[in-house]
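Enquirer: Following this line is final-v8.pdb, made up of PDB, C-alpha atoms and all ligand atoms:
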```pdb
ATOM      1  CA  MET M 259     124.879 177.235  -0.062
ATOM      2  CA  ARG M 260     123.996 178.724  -3.443
ATOM      3  CA  ILE M 261     126.631 178.838  -6.118
ATOM      4  CA  LEU M 262     126.511 180.525  -9.504
ATOM      5  CA  PHE M 263     128.937 179.433 -12.187
ATOM      6  CA  ILE M 264     129.225 181.626 -15.291
ATOM      7  CA  GLY M 265     130.943 180.352 -18.433
ATOM      8  CA  ASP M 266     133.276 182.454 -20.568
ATOM      9  CA  VAL M 267     132.479 186.157 -20.176
ATOM     10  CA  VAL M 268     133.285 187.491 -23.637
ATOM     11  CA  GLY M 269     134.406 191.089 -24.132
ATOM     12  CA  ARG M 270     132.395 194.173 -23.352
ATOM     13  CA  PRO M 271     128.932 192.660 -24.026
ATOM     14  CA  GLY M 272     129.746 189.831 -21.600
ATOM     15  CA  ARG M 273     131.015 192.258 -18.980
ATOM     16  CA  ARG M 274     127.960 194.447 -19.447
ATOM     17  CA  ALA M 275     125.717 191.439 -18.819
ATOM     18  CA  VAL M 276     127.659 190.542 -15.668
ATOM     19  CA  THR M 277     127.845 194.070 -14.277
ATOM     20  CA  SER M 278     124.158 194.795 -14.940
ATOM     21  CA  TYR M 279     122.628 191.491 -13.852
ATOM     22  CA  LEU M 280     124.953 189.900 -11.329
ATOM     23  CA  PRO M 281     124.496 192.347  -8.418
ATOM     24  CA  VAL M 282     120.681 191.983  -8.700
ATOM     25  CA  LEU M 283     120.838 188.226  -9.239
ATOM     26  CA  ARG M 284     123.171 187.747  -6.279
ATOM     27  CA  GLN M 285     120.689 189.508  -4.054
ATOM     28  CA  GLN M 286     117.484 188.045  -5.522
ATOM     29  CA  LYS M 287     118.688 184.442  -5.496
ATOM     30  CA  GLU M 288     120.742 184.816  -2.329
ATOM     31  CA  ILE M 289     123.841 183.551  -4.086
ATOM     32  CA  ASP M 290     126.779 182.889  -1.778
ATOM     33  CA  PHE M 291     129.592 182.283  -4.226
ATOM     34  CA  VAL M 292     130.203 183.154  -7.869
ATOM     35  CA  VAL M 293     132.756 181.694 -10.251
ATOM     36  CA  ALA M 294     133.161 183.029 -13.789
ATOM     37  CA  ASN M 295     135.500 182.046 -16.567
ATOM     38  CA  GLY M 296     137.445 185.181 -17.440
ATOM     39  CA  GLU M 297     139.742 184.078 -20.267
ATOM     40  CA  ASN M 298     137.876 186.181 -22.860
ATOM     41  CA  ALA M 299     136.771 189.079 -20.683
ATOM     42  CA  ALA M 300     139.183 191.674 -22.105
ATOM     43  CA  SER M 301     138.451 192.497 -25.763
ATOM     44  CA  GLY M 302     137.410 188.882 -26.369
ATOM     45  CA  LYS M 303     140.821 187.416 -25.542
ATOM     46  CA  GLY M 304     142.638 187.461 -22.229
ATOM     47  CA  LEU M 305     142.132 189.252 -18.947
ATOM     48  CA  THR M 306     143.451 192.592 -17.724
ATOM     49  CA  GLN M 307     143.726 194.122 -14.280
ATOM     50  CA  SER M 308     140.943 196.659 -14.864
ATOM     51  CA  VAL M 309     138.603 194.044 -16.341
ATOM     52  CA  ALA M 310     139.248 191.643 -13.463
ATOM     53  CA  GLU M 311     138.517 194.441 -10.976
ATOM     54  CA  GLU M 312     135.297 195.293 -12.821
ATOM     55  CA  LEU M 313     134.117 191.674 -12.553
ATOM     56  CA  PHE M 314     135.124 191.295  -8.900
ATOM     57  CA  LYS M 315     133.292 194.529  -8.085
ATOM     58  CA  ALA M 316     130.173 193.188  -9.834
ATOM     59  CA  GLY M 317     130.172 190.182  -7.493
ATOM     60  CA  VAL M 318     132.430 187.538  -9.031
ATOM     61  CA  ASP M 319     134.484 185.759  -6.362
ATOM     62  CA  VAL M 320     136.790 183.667  -8.538
ATOM     63  CA  LEU M 321     137.876 184.030 -12.167
ATOM     64  CA  THR M 322     139.031 180.894 -13.957
ATOM     65  CA  GLY M 323     141.096 180.689 -17.116
ATOM     66  CA  GLY M 324     141.805 178.569 -20.147
ATOM     67  CA  ASN M 325     143.654 178.575 -23.442
ATOM     68  CA  HIS M 326     143.379 182.390 -23.682
ATOM     69  CA  THR M 327     144.684 183.094 -20.181
ATOM     70  CA  TRP M 328     148.025 184.446 -21.432
ATOM     71  CA  LYS M 329     146.697 186.343 -24.480
ATOM     72  CA  ASN M 330     146.879 189.742 -22.799
ATOM     73  CA  LYS M 331     150.210 190.367 -21.048
ATOM     74  CA  ASP M 332     148.437 192.419 -18.379
ATOM     75  CA  ILE M 333     147.587 189.042 -16.810
ATOM     76  CA  PHE M 334     151.111 188.866 -15.360
ATOM     77  CA  LYS M 335     150.279 191.832 -13.080
ATOM     78  CA  ILE M 336     147.385 189.969 -11.498
ATOM     79  CA  ILE M 337     148.166 186.268 -11.878
ATOM     80  CA  ASP M 338     149.274 186.020  -8.231
ATOM     81  CA  ASP M 339     145.854 187.187  -7.020
ATOM     82  CA  PRO M 340     144.381 184.091  -5.290
ATOM     83  CA  ARG M 341     140.996 184.885  -6.856
ATOM     84  CA  ILE M 342     142.433 184.273 -10.317
ATOM     85  CA  LEU M 343     143.041 180.713 -11.533
ATOM     86  CA  ARG M 344     144.634 179.295 -14.668
ATOM     87  CA  PRO M 345     144.544 175.664 -15.828
ATOM     88  CA  ALA M 346     146.312 173.376 -13.359
ATOM     89  CA  ASN M 347     147.596 170.803 -15.825
ATOM     90  CA  TYR M 348     150.409 172.609 -17.612
ATOM     91  CA  PRO M 349     153.611 170.617 -18.009
ATOM     92  CA  ASN M 350     156.689 172.084 -16.233
ATOM     93  CA  LEU M 351     154.299 173.556 -13.695
ATOM     94  CA  ALA M 352     157.082 175.010 -11.548
ATOM     95  CA  GLU M 353     157.795 177.501 -14.346
ATOM     96  CA  ILE M 354     154.167 178.578 -14.805
ATOM     97  CA  PRO M 355     152.999 181.609 -12.826
ATOM     98  CA  GLY M 356     149.745 181.595 -10.914
ATOM     99  CA  ARG M 357     147.722 178.748  -9.469
ATOM    100  CA  GLY M 358     145.406 176.069 -10.801
ATOM    101  CA  CYS M 359     143.209 175.671  -7.756
ATOM    102  CA  GLY M 360     142.189 177.537  -4.651
ATOM    103  CA  LEU M 361     140.261 177.349  -1.396
ATOM    104  CA  TYR M 362     137.807 180.097  -0.529
ATOM    105  CA  ASP M 363     135.999 180.700   2.741
ATOM    106  CA  VAL M 364     132.351 181.705   2.523
ATOM    107  CA  GLY M 365     130.780 182.147   5.941
ATOM    108  CA  GLU M 366     131.399 178.882   7.734
ATOM    109  CA  HIS M 367     131.943 176.955   4.497
ATOM    110  CA  ARG M 368     135.083 176.356   2.540
ATOM    111  CA  ILE M 369     134.891 175.941  -1.236
ATOM    112  CA  GLY M 370     137.575 174.440  -3.436
ATOM    113  CA  VAL M 371     137.833 175.450  -7.084
ATOM    114  CA  ILE M 372     139.948 173.587  -9.638
ATOM    115  CA  ASN M 373     140.643 174.821 -13.170
ATOM    116  CA  LEU M 374     141.619 172.197 -15.759
ATOM    117  CA  MET M 375     142.076 172.313 -19.509
ATOM    118  CA  GLY M 376     141.130 169.527 -21.895
ATOM    119  CA  ARG M 377     143.437 168.105 -24.541
ATOM    120  CA  VAL M 378     141.078 166.888 -27.271
ATOM    121  CA  PHE M 379     141.311 169.349 -30.211
ATOM    122  CA  LEU M 380     142.776 171.932 -27.852
ATOM    123  CA  ALA M 381     146.210 171.775 -26.268
ATOM    124  CA  ASN M 382     148.988 169.378 -25.444
ATOM    125  CA  LEU M 383     148.917 169.696 -21.684
ATOM    126  CA  ASP M 384     149.387 167.135 -18.947
ATOM    127  CA  CYS M 385     146.534 164.728 -18.293
ATOM    128  CA  PRO M 386     143.555 166.624 -16.806
ATOM    129  CA  PHE M 387     142.202 163.345 -15.408
ATOM    130  CA  SER M 388     145.233 162.500 -13.284
ATOM    131  CA  VAL M 389     145.963 166.119 -12.308
ATOM    132  CA  GLY M 390     142.273 166.687 -11.538
ATOM    133  CA  MET M 391     142.086 163.583  -9.348
ATOM    134  CA  GLU M 392     145.272 164.493  -7.490
ATOM    135  CA  LEU M 393     144.063 168.040  -6.771
ATOM    136  CA  ALA M 394     140.544 166.940  -5.870
ATOM    137  CA  GLU M 395     141.899 164.406  -3.382
ATOM    138  CA  SER M 396     144.182 166.975  -1.787
ATOM    139  CA  LEU M 397     141.394 169.589  -1.538
ATOM    140  CA  ARG M 398     139.125 166.926  -0.052
ATOM    141  CA  GLU M 399     141.298 167.014   3.066
ATOM    142  CA  GLN M 400     139.935 170.524   3.666
ATOM    143  CA  THR M 401     136.460 170.490   2.141
ATOM    144  CA  SER M 402     133.909 168.276   0.439
ATOM    145  CA  LEU M 403     132.592 171.222  -1.605
ATOM    146  CA  ILE M 404     134.690 171.293  -4.757
ATOM    147  CA  LEU M 405     133.937 172.863  -8.142
ATOM    148  CA  VAL M 406     135.844 172.004 -11.285
ATOM    149  CA  ASP M 407     136.002 174.223 -14.361
ATOM    150  CA  MET M 408     136.875 171.822 -17.186
ATOM    151  CA  HIS M 409     137.904 174.191 -19.956
ATOM    152  CA  ALA M 410     137.708 171.983 -23.023
ATOM    153  CA  GLU M 411     136.571 171.700 -26.602
ATOM    154  CA  ALA M 412     134.956 168.256 -26.653
ATOM    155  CA  THR M 413     131.784 167.574 -24.699
ATOM    156  CA  SER M 414     132.873 163.937 -24.440
ATOM    157  CA  GLU M 415     136.080 164.875 -22.627
ATOM    158  CA  LYS M 416     134.122 167.047 -20.181
ATOM    159  CA  VAL M 417     131.614 164.272 -19.522
ATOM    160  CA  ALA M 418     134.432 161.736 -19.104
ATOM    161  CA  LEU M 419     136.054 163.960 -16.486
ATOM    162  CA  ALA M 420     132.735 164.290 -14.673
ATOM    163  CA  TRP M 421     132.484 160.477 -14.497
ATOM    164  CA  HIS M 422     136.110 160.265 -13.411
ATOM    165  CA  LEU M 423     135.588 162.693 -10.514
ATOM    166  CA  ASP M 424     132.084 161.495  -9.639
ATOM    167  CA  GLY M 425     131.709 161.122  -5.884
ATOM    168  CA  ILE M 426     134.825 163.155  -5.182
ATOM    169  CA  VAL M 427     133.870 166.656  -6.337
ATOM    170  CA  THR M 428     130.590 168.577  -6.152
ATOM    171  CA  ALA M 429     130.353 169.667  -9.774
ATOM    172  CA  VAL M 430     132.289 169.516 -13.015
ATOM    173  CA  ILE M 431     131.337 172.402 -15.275
ATOM    174  CA  GLY M 432     132.464 172.854 -18.845
ATOM    175  CA  THR M 433     133.674 176.160 -20.289
ATOM    176  CA  HIS M 434     135.426 177.347 -23.486
ATOM    177  CA  THR M 435     132.906 176.689 -26.231
ATOM    178  CA  HIS M 436     130.884 179.916 -25.857
ATOM    179  CA  ILE M 437     127.590 178.172 -26.555
ATOM    180  CA  PRO M 438     124.772 177.839 -24.001
ATOM    181  CA  THR M 439     124.101 174.150 -24.486
ATOM    182  CA  ALA M 440     124.370 173.306 -20.790
ATOM    183  CA  ASP M 441     125.916 169.993 -21.797
TER
HETATM  184 FE    FE Y 501     136.647 181.126 -24.102
HETATM  185 FE    FE Y 502     138.907 178.825 -24.201
END
```
Before we go any further, please render this structure as structure tokens.
Ligand SMILES: [Fe+2]
Ligand SMILES: [Fe+2]
Expert:
Amino acid sequence: MRILFIGDVVGRPGRRAVTSYLPVLRQQKEIDFVVANGENAASGKGLTQSVAEELFKAGVDVLTGGNHTWKNKDIFKIIDDPRILRPANYPNLAEIPGRGCGLYDVGEHRIGVINLMGRVFLANLDCPFSVGMELAESLREQTSLILVDMHAEATSEKVALAWHLDGIVTAVIGTHTHIPTAD
């Protein structure tokens, strides 16, 4: 199983990079599953229906979100698409459209993807550690292959979550900061 995870795709230059390189890369590297963070894909803030379609057509399987998920109101047209995730740890979750995690079948494998948002310097959401653990444990009943997009400002919070979920999920990957540090 080969998985590609792309951090925040920002605006037209980001989309151009994805649409020109991803189809080739998918083939060359025999990539089975692609997750990209799409919170900035439309004009640098938010996600629209046409932009989401462009990225799916280029080979993205799942688009995750973050603090800019709701910035473009077009998101409400597509938020029920199971390929689109938003952070799972909002308070009053019953009132929030969309989903914070999903299960995706790739050949004979099943992949779980969880989208969380950090709180340090970012947003006053529910605890990503407890919500992340709860979701990871429930997805574990269906698969041991679980990816977590930890959309957060502080590297320390991302690393702490990785330690917290160590042994339970496959990978915790940080998005949001728009810098290629590979922390
Ligand atoms: Fe971002
Ligand atoms: Fe962000």
Enquirer: Around all of range 361-368 of chain M's listed atoms, make the axis-aligned box with 5 Å on each side and tell me centre and edge lengths in Å to one decimal, as AutoDock Vina command-line options.
Expert:
```
--center_x 135.5 --center_y 179.3 --center_z 3.2 --size_x 19.5 --size_y 15.8 --size_z 19.1
```
Enquirer: Rounded to one decimal place, report the CA of Met375 in chain M-CA of Asn325 in chain M distance in Å.
Expert: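 It comes out at 7.6 Å.
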Enquirer: Counting all atoms listed in the file, give me one row per residue of chain M with an atom at most 12 Å from an atom of ligand FE 502 (chain Y), showing the shortest contact pair and its distance in Å to one decimal, sorted by chain then residue number, as JSON lines.
Expert:
```
{"residue": "M:Gly265", "atom": "CA", "partner": "Y:FE502", "partner_atom": "FE", "distance": 10.0}
{"residue": "M:Asp266", "atom": "CA", "partner": "Y:FE502", "partner_atom": "FE", "distance": 7.6}
{"residue": "M:Val267", "atom": "CA", "partner": "Y:FE502", "partner_atom": "FE", "distance": 10.5}
{"residue": "M:Val268", "atom": "CA", "partner": "Y:FE502", "partner_atom": "FE", "distance": 10.3}
{"residue": "M:Asn295", "atom": "CA", "partner": "Y:FE502", "partner_atom": "FE", "distance": 9.0}
{"residue": "M:Gly296", "atom": "CA", "partner": "Y:FE502", "partner_atom": "FE", "distance": 9.4}
{"residue": "M:Glu297", "atom": "CA", "partner": "Y:FE502", "partner_atom": "FE", "distance": 6.6}
{"residue": "M:Asn298", "atom": "CA", "partner": "Y:FE502", "partner_atom": "FE", "distance": 7.5}
{"residue": "M:Ala299", "atom": "CA", "partner": "Y:FE502", "partner_atom": "FE", "distance": 11.0}
{"residue": "M:Gly302", "atom": "CA", "partner": "Y:FE502", "partner_atom": "FE", "distance": 10.4}
{"residue": "M:Lys303", "atom": "CA", "partner": "Y:FE502", "partner_atom": "FE", "distance": 8.9}
{"residue": "M:Gly304", "atom": "CA", "partner": "Y:FE502", "partner_atom": "FE", "distance": 9.6}
{"residue": "M:Thr322", "atom": "CA", "partner": "Y:FE502", "partner_atom": "FE", "distance": 10.5}
{"residue": "M:Gly323", "atom": "CA", "partner": "Y:FE502", "partner_atom": "FE", "distance": 7.6}
{"residue": "M:Gly324", "atom": "CA", "partner": "Y:FE502", "partner_atom": "FE", "distance": 5.0}
{"residue": "M:Asn325", "atom": "CA", "partner": "Y:FE502", "partner_atom": "FE", "distance": 4.8}
{"residue": "M:His326", "atom": "CA", "partner": "Y:FE502", "partner_atom": "FE", "distance": 5.7}
{"residue": "M:Thr327", "atom": "CA", "partner": "Y:FE502", "partner_atom": "FE", "distance": 8.2}
{"residue": "M:Trp328", "atom": "CA", "partner": "Y:FE502", "partner_atom": "FE", "distance": 11.1}
{"residue": "M:Lys329", "atom": "CA", "partner": "Y:FE502", "partner_atom": "FE", "distance": 10.8}
{"residue": "M:Arg344", "atom": "CA", "partner": "Y:FE502", "partner_atom": "FE", "distance": 11.1}
{"residue": "M:Pro345", "atom": "CA", "partner": "Y:FE502", "partner_atom": "FE", "distance": 10.6}
{"residue": "M:Asn373", "atom": "CA", "partner": "Y:FE502", "partner_atom": "FE", "distance": 11.9}
{"residue": "M:Leu374", "atom": "CA", "partner": "Y:FE502", "partner_atom": "FE", "distance": 11.1}
{"residue": "M:Met375", "atom": "CA", "partner": "Y:FE502", "partner_atom": "FE", "distance": 8.6}
{"residue": "M:Gly376", "atom": "CA", "partner": "Y:FE502", "partner_atom": "FE", "distance": 9.8}
{"residue": "M:Arg377", "atom": "CA", "partner": "Y:FE502", "partner_atom": "FE", "distance": 11.6}
{"residue": "M:Phe379", "atom": "CA", "partner": "Y:FE502", "partner_atom": "FE", "distance": 11.5}
{"residue": "M:Leu380", "atom": "CA", "partner": "Y:FE502", "partner_atom": "FE", "distance": 8.7}
{"residue": "M:Ala381", "atom": "CA", "partner": "Y:FE502", "partner_atom": "FE", "distance": 10.4}
{"residue": "M:Asp407", "atom": "CA", "partner": "Y:FE502", "partner_atom": "FE", "distance": 11.2}
{"residue": "M:Met408", "atom": "CA", "partner": "Y:FE502", "partner_atom": "FE", "distance": 10.1}
{"residue": "M:His409", "atom": "CA", "partner": "Y:FE502", "partner_atom": "FE", "distance": 6.4}
{"residue": "M:Ala410", "atom": "CA", "partner": "Y:FE502", "partner_atom": "FE", "distance": 7.0}
{"residue": "M:Glu411", "atom": "CA", "partner": "Y:FE502", "partner_atom": "FE", "distance": 7.9}
{"residue": "M:Ala412", "atom": "CA", "partner": "Y:FE502", "partner_atom": "FE", "distance": 11.5}
{"residue": "M:Gly432", "atom": "CA", "partner": "Y:FE502", "partner_atom": "FE", "distance": 10.3}
{"residue": "M:Thr433", "atom": "CA", "partner": "Y:FE502", "partner_atom": "FE", "distance": 7.1}
{"residue": "M:His434", "atom": "CA", "partner": "Y:FE502", "partner_atom": "FE", "distance": 3.8}
{"residue": "M:Thr435", "atom": "CA", "partner": "Y:FE502", "partner_atom": "FE", "distance": 6.7}
{"residue": "M:His436", "atom": "CA", "partner": "Y:FE502", "partner_atom": "FE", "distance": 8.3}
{"residue": "M:Ile437", "atom": "CA", "partner": "Y:FE502", "partner_atom": "FE", "distance": 11.6}
```
Enquirer: How many Å separate CA of Glu366 in chain M from CA of Lys287 in chain M?
Expert: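 The value is 19.2 Å.
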Enquirer: Could you tell me how far CA of Val292 in chain M sits from CA of Leu383 in chain M, in Å to one decimal place?
Expert: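 Separating CA of Leu383 in chain M from CA of Val292 in chain M is a distance of 26.9 Å.
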Enquirer: Give as number ranges by chain the residues that the PyMOL selection byres (((chain M and resi 309) around 12) and not hetatm) matches when applied to the coordinates above.
Expert: M: 267-270, 272-274, 276-277, 296-308, 310-316, 318, 321, 330, 332-333, 336
Enquirer: Just so the selection is clear, what residues does the PyMOL selection byres (((chain M and resi 340) around 9) and not hetatm) cover here, as a VMD selection string?
Expert: chain M and resid 320 337 to 339 341 to 343 356 to 357 359 to 361
Enquirer: At a cut-off of 9 Å, can you tabulate as a tab-separated table every residue of range 305-398 of chain M near range 421-428 of chain M together with its closest atom pair and the distance in Å to one decimal, using all atoms listed in the file and ordering rows by chain then number?
Expert:
```
residue	atom	partner	partner_atom	distance
M:Phe387	CA	M:His422	CA	7.1
M:Gly390	CA	M:Leu423	CA	7.9
M:Met391	CA	M:Leu423	CA	6.7
M:Ala394	CA	M:Val427	CA	6.7
M:Glu395	CA	M:Ile426	CA	7.4
M:Arg398	CA	M:Ile426	CA	7.7
```
Enquirer: Considering all atoms listed in the file, can you say which of M:Ala346, M:Val293, M:Leu351, M:Leu403 comes closest to Ile431 in chain M?
Expert: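 Using all atoms listed in the file, the shortest distance to Ile431 in chain M belongs to M:Val293.
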Enquirer: Taking the file as shown, find all residues satisfying the PyMOL selection byres (((chain M and resi 290) around 8) and not hetatm) and write them as an MDAnalysis selection string.
Expert: chainID M and resid 259:261 284 288:289 291:292 364
Enquirer: In terms of the shortest atom-to-atom distance over only C-alpha atoms and all ligand atoms, which of M:Cys385, M:Ala294, M:Ile369, M:Ala429 is closest to ligand FE 501 (chain Y)?
Expert: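 Of all the options, M:Ala294 lies closest to ligand FE 501 (chain Y).
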Enquirer: Looking at M:Val389, M:Gly370, M:Asn382, M:Ile264, which one is nearest to ligand FE 501 (chain Y), with distances taken over only C-alpha atoms and all ligand atoms?
Expert: M:Ile264
